[in-house]
Amino acid sequence: MTISYKDFALPLAYSAGKIIRDNFQHNMAKEWKENNTPVTLTDLAINQYVIDEVQAHFPTHSVLAEEGSNLKDSEFVWVCDPVDGTTPFSHAIPNCVFALALVYQGQSILSTIYDPFLDRMFFAEKGEGAYLNQKRIHVSEKRELTHGLIGVVPTRRYPKLLRGIMQFCTQENIHIVSLGSTIYMGMLVASGDLMASIFAGKKAHDSAALKILIDEAGGKMTSLTNEEQRYDSEVNGHIITNGILHEPFAQVIKTCLN
């Protein structure tokens, strides 16, 4: 009997979350990758667990994950970040999530994002809405920039970007947070708690799970250049908003990238 994608992804996310909780401790052992980000045994264990589970249930599907992939000639790709927020996690800060997306022909069709410390399960499936612990969620209906809260991931990729965003936010009385987890901030846009989130990285595992969640929550997510993009290969960052306020952020970022 073939298992549904939802019935596969949700238990897997809960199991991954348990691994995160069980391994959470002070003075955690970690190694540093070439990009100056940490990796822990927890990242590696969950990454392999996802590869093994996909192979067992959907042997023709690919896995594209942060700490190791299993790529095949398939239109279906499971894109995974085993611990998004490894930096805070590895420094005993309980601020990270497990993220898994199913991408078909480059487009996200299912997403599960699990916060194991607050037991918050975000889930979305194409055409079925976005949910937090089985309760439907929607992006903010805020129409003014002032007093909004946005999430920003610091980057060396575009030196003028962070400076330009900070200047814009100061002018518009917008508050900025950086939580150490790209996906964590994106999921808070989906739930209506953040107005926007901006990310300048290139890895699909930082964006794929957010795309369908944001779409189904009524928001808008594009590349940094305000275009649609694939999520089964390298991405050009992302801009996530409630949709209503997308263009002001897109215009500011366009100026910073020139």
# chains A, B, ... in the order shown; residues from 1 in each chain; ligands from 1
call {"tool": "residues_around", "arguments": {"residues": "segment 109-120 of chain A", "least_positions_apart": "4", "cutoff": "9 Å", "atoms": "only C-alpha atoms", "output": "MDAnalysis selection string"}}
result
chainID A and resid 5:6 9:10 13:14 16:18 20:21 94:104 124:127 132:133 183:184 187 208:213
call {"tool": "write_last_selection", "arguments": {"atoms": "C-alpha atoms", "output": "PDB file, in the first residue's frame"}}
result
ATOM      1  CA  TYR A   5       3.033  12.279   1.000  1.00  0.00           C
ATOM      2  CA  LYS A   6       1.372  13.928   4.007  1.00  0.00           C
ATOM      3  CA  ALA A   9       6.175  13.755   5.942  1.00  0.00           C
ATOM      4  CA  LEU A  10       4.431  14.539   9.225  1.00  0.00           C
ATOM      5  CA  ALA A  13       9.152  15.583  10.981  1.00  0.00           C
ATOM      6  CA  TYR A  14       8.061  14.630  14.499  1.00  0.00           C
ATOM      7  CA  ALA A  16      13.402  14.420  13.465  1.00  0.00           C
ATOM      8  CA  GLY A  17      12.231  16.862  16.103  1.00  0.00           C
ATOM      9  CA  LYS A  18      12.661  14.259  18.803  1.00  0.00           C
ATOM     10  CA  ILE A  20      16.845  17.470  17.970  1.00  0.00           C
ATOM     11  CA  ARG A  21      15.378  17.624  21.478  1.00  0.00           C
ATOM     12  CA  PRO A  94      16.502  26.473  21.470  1.00  0.00           C
ATOM     13  CA  ASN A  95      15.736  28.275  18.239  1.00  0.00           C
ATOM     14  CA  CYS A  96      15.707  25.974  15.217  1.00  0.00           C
ATOM     15  CA  VAL A  97      13.414  23.889  13.046  1.00  0.00           C
ATOM     16  CA  PHE A  98      13.357  20.762  10.915  1.00  0.00           C
ATOM     17  CA  ALA A  99      12.209  21.515   7.377  1.00  0.00           C
ATOM     18  CA  LEU A 100      11.174  19.212   4.544  1.00  0.00           C
ATOM     19  CA  ALA A 101       9.580  20.073   1.213  1.00  0.00           C
ATOM     20  CA  LEU A 102       8.437  17.942  -1.679  1.00  0.00           C
ATOM     21  CA  VAL A 103       9.270  19.645  -4.949  1.00  0.00           C
ATOM     22  CA  TYR A 104       7.744  18.497  -8.239  1.00  0.00           C
ATOM     23  CA  ALA A 124       1.018  23.062   3.749  1.00  0.00           C
ATOM     24  CA  GLU A 125       0.003  21.136   0.668  1.00  0.00           C
ATOM     25  CA  LYS A 126      -0.778  22.606  -2.724  1.00  0.00           C
ATOM     26  CA  GLY A 127      -4.387  23.735  -2.865  1.00  0.00           C
ATOM     27  CA  LEU A 132      -0.120  25.373  12.381  1.00  0.00           C
ATOM     28  CA  ASN A 133      -0.929  22.352  14.546  1.00  0.00           C
ATOM     29  CA  ILE A 183      13.059  29.090   7.804  1.00  0.00           C
ATOM     30  CA  TYR A 184      11.994  30.028  11.329  1.00  0.00           C
ATOM     31  CA  MET A 187       7.248  30.485   8.911  1.00  0.00           C
ATOM     32  CA  ALA A 208      11.843  25.256  -0.637  1.00  0.00           C
ATOM     33  CA  ALA A 209       9.766  24.474   2.455  1.00  0.00           C
ATOM     34  CA  LEU A 210       8.726  28.107   2.775  1.00  0.00           C
ATOM     35  CA  LYS A 211       7.443  28.606  -0.766  1.00  0.00           C
ATOM     36  CA  ILE A 212       4.324  26.446  -0.580  1.00  0.00           C
ATOM     37  CA  LEU A 213       3.682  27.445   3.050  1.00  0.00           C
TER      38      LEU A 213
END
call {"tool": "select_by_dssp", "arguments": {"residues": "segment 107-256 of chain A", "states": "strand (DSSP E)", "output": "ChimeraX atom specification"}}
result
/A:107-115,120-125,130-132,135-136,149-152,175-177,196-199,220-222,238-241
call {"tool": "residues_around", "arguments": {"residues": "Ile137 of chain A", "least_positions_apart": "3", "cutoff": "6 Å", "atoms": "only C-alpha atoms", "output": "MDAnalysis selection string"}}
result
chainID A and resid 130:131 191
call {"tool": "write_last_selection", "arguments": {"atoms": "N, CA, C and O atoms", "output": "PDB file, in the first residue's frame"}}
result
ATOM      1  N   ALA A 130      -2.629  26.403   4.514  1.00  0.00           N
ATOM      2  CA  ALA A 130      -1.482  26.311   5.419  1.00  0.00           C
ATOM      3  C   ALA A 130      -1.975  26.181   6.853  1.00  0.00           C
ATOM      4  O   ALA A 130      -2.965  26.824   7.238  1.00  0.00           O
ATOM      5  N   TYR A 131      -1.269  25.363   7.633  1.00  0.00           N
ATOM      6  CA  TYR A 131      -1.748  25.043   8.973  1.00  0.00           C
ATOM      7  C   TYR A 131      -0.622  25.090  10.004  1.00  0.00           C
ATOM      8  O   TYR A 131       0.532  24.786   9.701  1.00  0.00           O
ATOM      9  N   SER A 191       2.422  32.745   9.534  1.00  0.00           N
ATOM     10  CA  SER A 191       1.471  32.767  10.645  1.00  0.00           C
ATOM     11  C   SER A 191       0.980  34.170  10.975  1.00  0.00           C
ATOM     12  O   SER A 191       0.152  34.341  11.882  1.00  0.00           O
TER      13      SER A 191
END
call {"tool": "residues_around", "arguments": {"residues": "segment 37-41 of chain A", "least_positions_apart": "2", "cutoff": "9 Å", "atoms": "only C-alpha atoms", "output": "list in words"}}
result
Asn23, Met28, Ala29, Lys30, Glu31, Trp32, Lys33, Glu34, Asn35, Asp43, Leu44, Ala45, Ile46, Glu67, Thr86, Thr87 and Ser90 of chain A
call {"tool": "closest_residue", "arguments": {"among": "A:Gln229, A:Ser140, A:Thr182, A:Gln171", "to": "Leu245 of chain A", "atoms": "only C-alpha atoms"}}
result
A:Ser140
call {"tool": "residues_around", "arguments": {"residues": "Thr222 of chain A", "least_positions_apart": "3", "cutoff": "6 Å", "atoms": "only C-alpha atoms", "output": "JSON, numbers by chain"}}
result
{"A": [226, 227, 228, 238, 239]}
call {"tool": "closest_residue", "arguments": {"among": "A:Asp215, A:Ala204, A:Ile3, A:Ser181", "to": "Trp78 of chain A", "atoms": "only C-alpha atoms"}}
result
A:Ala204
call {"tool": "residues_around", "arguments": {"residues": "Ser62 of chain A", "least_positions_apart": "2", "cutoff": "10 Å", "atoms": "only C-alpha atoms", "output": "count of residues only"}}
result
22
call {"tool": "residues_around", "arguments": {"residues": "segment 216-219 of chain A", "least_positions_apart": "3", "cutoff": "6 Å", "atoms": "only C-alpha atoms", "output": "list in words"}}
result
Gly129, Ala130, His138, Val139, Ala190, Ile212, Leu213, Thr241, Asn242 and Gly243 of chain A
call {"tool": "write_last_selection", "arguments": {"atoms": "C-alpha atoms", "output": "tab-separated table (two decimals), in the first residue's frame"}}
result
chain	number	residue	atom	x	y	z
A	129	GLY	CA	-4.15	25.72	2.78
A	130	ALA	CA	-1.48	26.31	5.42
A	138	HIS	CA	-2.91	33.29	7.17
A	139	VAL	CA	-0.36	36.01	6.63
A	190	ALA	CA	3.05	32.63	7.19
A	212	ILE	CA	4.32	26.45	-0.58
A	213	LEU	CA	3.68	27.44	3.05
A	241	THR	CA	5.93	39.16	2.55
A	242	ASN	CA	2.23	39.24	3.24
A	243	GLY	CA	1.80	40.11	-0.45
call {"tool": "select_by_dssp", "arguments": {"residues": "segment 22-155 of chain A", "states": "alpha helix (DSSP H)", "output": "JSON, numbers by chain"}}
result
{"A": [22, 23, 41, 42, 43, 44, 45, 46, 47, 48, 49, 50, 51, 52, 53, 54, 55, 56, 57, 86, 87, 88, 89, 90]}
call {"tool": "closest_residue", "arguments": {"among": "A:Phe89, A:Asp7, A:Ala56, A:Tyr158", "to": "Gln25 of chain A", "atoms": "only C-alpha atoms"}}
result
A:Phe89
call {"tool": "atom_distance", "arguments": {"atom1": "atom CA of His57 of chain A", "atom2": "atom CA of Ser233 of chain A"}}
result
22.6 Å
